[in-house]
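Shown next, in structure tokens, is the structure this report addresses.
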Amino acid sequence: MGAELQAPESVAPIAFPIDERSLRQFEVSTWRTRLGDFDVIIGTPTATRGALARYETLKVKAVEREAFGVPILVAGLDDIIESKQALSRESDLVALPELHRLRARVL
């Protein structure tokens, strides 16, 4: 795959082993590949400060979709909204009004 770790505030990616042990060192990591960047997230932030929702918890409300011919699970909209509120980064806060409108349409 040729993925390299894209460290915060680093211009160039860093050669770093990709295995279960190394991936668990980061709550969130960004990996640069020839096809583009992708994020690996160990848990999704929740409304409870410092608590991360694990895959098993998110899977319950996830919806199955298809991406490039492959079935994938996508976190439920309420879980996505909760994580964006918990993170409160500028990009998350900008996305929240549209996510709330989407939730109102699907209810």
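Order determines the names: the first chain of the structure tokens is A, the second B, and so forth; residues in each chain are numbered 1 upward, and ligands are numbered 1 upward as they are shown.
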Query raised in the report: Can you tell me, as a ChimeraX atom specification, what residues are no more than 10 Å from A:Leu23 when counting only C-alpha atoms, ignoring any on the same chain fewer than 6 positions away?
Result: /A:16-17,29,40-42
Atoms to include: C-alpha atoms. Write the selected residues as a short mmCIF file (atom, residue, chain, number, x, y, z; two decimals), in the first residue's frame.
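Final file, selection.cif:
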```
data_model
loop_
_atom_site.label_atom_id
_atom_site.label_comp_id
_atom_site.auth_asym_id
_atom_site.auth_seq_id
_atom_site.Cartn_x
_atom_site.Cartn_y
_atom_site.Cartn_z
CA PHE A 16 6.23 4.07 10.08
CA PRO A 17 5.33 0.38 10.42
CA SER A 29 -3.84 8.95 12.64
CA VAL A 40 -7.65 5.65 11.06
CA ILE A 41 -9.79 6.37 14.12
CA ILE A 42 -9.60 4.01 17.08
#
```
Shell of 10 Å around A:Leu77, only C-alpha atoms, local chain residues under 3 positions omitted, as a tab-separated table (two decimals) with C-alpha atoms, in the first residue's frame:
```tsv
chain	number	residue	atom	x	y	z
A	61	LYS	CA	-26.88	2.11	14.86
A	62	ALA	CA	-24.73	1.98	11.72
A	63	VAL	CA	-26.22	1.66	8.24
A	74	VAL	CA	-21.39	4.00	8.10
A	80	ILE	CA	-21.77	11.50	13.77
A	81	ILE	CA	-23.47	14.61	15.18
A	82	GLU	CA	-22.46	13.69	18.74
A	83	SER	CA	-18.82	13.20	17.73
A	99	LEU	CA	-26.20	17.54	9.69
A	100	HIS	CA	-29.10	18.75	11.86
A	102	LEU	CA	-30.40	16.21	7.29
A	103	ARG	CA	-31.52	14.55	10.51
A	106	VAL	CA	-34.92	11.71	7.67
```
Query raised in the report: Out of stretch 9-59 of chain A, which residues get helix (DSSP H, G or I) from DSSP, as a PyMOL selection string?
Result: chain A and resi 20-23+55-59
Selection near stretch 71-73 of chain A, 12 Å with only C-alpha atoms, sequence-local residues under 2 positions removed, as a short mmCIF file (atom, residue, chain, number, x, y, z; two decimals) with C-alpha atoms, in the first residue's frame:
```
data_model
loop_
_atom_site.label_atom_id
_atom_site.label_comp_id
_atom_site.auth_asym_id
_atom_site.auth_seq_id
_atom_site.Cartn_x
_atom_site.Cartn_y
_atom_site.Cartn_z
CA TYR A 55 -16.80 -0.02 16.88
CA GLU A 56 -19.05 -2.48 18.70
CA LEU A 58 -21.34 2.32 16.80
CA LYS A 59 -22.18 -0.81 14.79
CA VAL A 60 -25.58 -1.10 16.50
CA LYS A 61 -26.88 2.11 14.86
CA ALA A 62 -24.73 1.98 11.72
CA VAL A 63 -26.22 1.66 8.24
CA GLU A 64 -24.80 -0.49 5.48
CA ARG A 65 -23.86 1.26 2.25
CA GLU A 66 -21.78 0.34 -0.76
CA ALA A 67 -18.54 2.08 -1.70
CA PHE A 68 -16.68 1.09 -4.85
CA GLY A 69 -18.63 -2.18 -4.94
CA ALA A 75 -21.89 5.43 11.58
CA GLY A 76 -25.44 6.53 12.36
#
```
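In this structure, atom CA of A:Val94 sits 25.8 Å away from atom CA of A:Val11.
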Which residues are close to A:Thr48, i.e. within 12 Å by only C-alpha atoms, leaving aside same-chain residues fewer than 2 positions away? Reply as an mmCIF file with C-alpha atoms, in the first residue's frame.
```
data_model
loop_
_atom_site.group_PDB
_atom_site.id
_atom_site.type_symbol
_atom_site.label_atom_id
_atom_site.label_comp_id
_atom_site.auth_asym_id
_atom_site.auth_seq_id
_atom_site.Cartn_x
_atom_site.Cartn_y
_atom_site.Cartn_z
ATOM 1 C CA THR A 44 -15.285 8.129 17.977
ATOM 2 C CA PRO A 45 -15.553 11.007 20.482
ATOM 3 C CA THR A 46 -18.751 11.077 22.535
ATOM 4 C CA GLY A 50 -12.632 11.671 27.238
ATOM 5 C CA ALA A 51 -14.837 8.705 26.312
ATOM 6 C CA LEU A 52 -14.610 7.123 22.894
ATOM 7 C CA ALA A 53 -17.368 5.068 21.301
ATOM 8 C CA GLU A 82 -22.463 13.691 18.737
ATOM 9 C CA SER A 83 -18.822 13.205 17.727
ATOM 10 C CA GLN A 85 -20.208 18.331 18.870
ATOM 11 C CA ALA A 86 -17.684 16.644 21.166
ATOM 12 C CA LEU A 87 -14.701 17.562 18.979
#
```
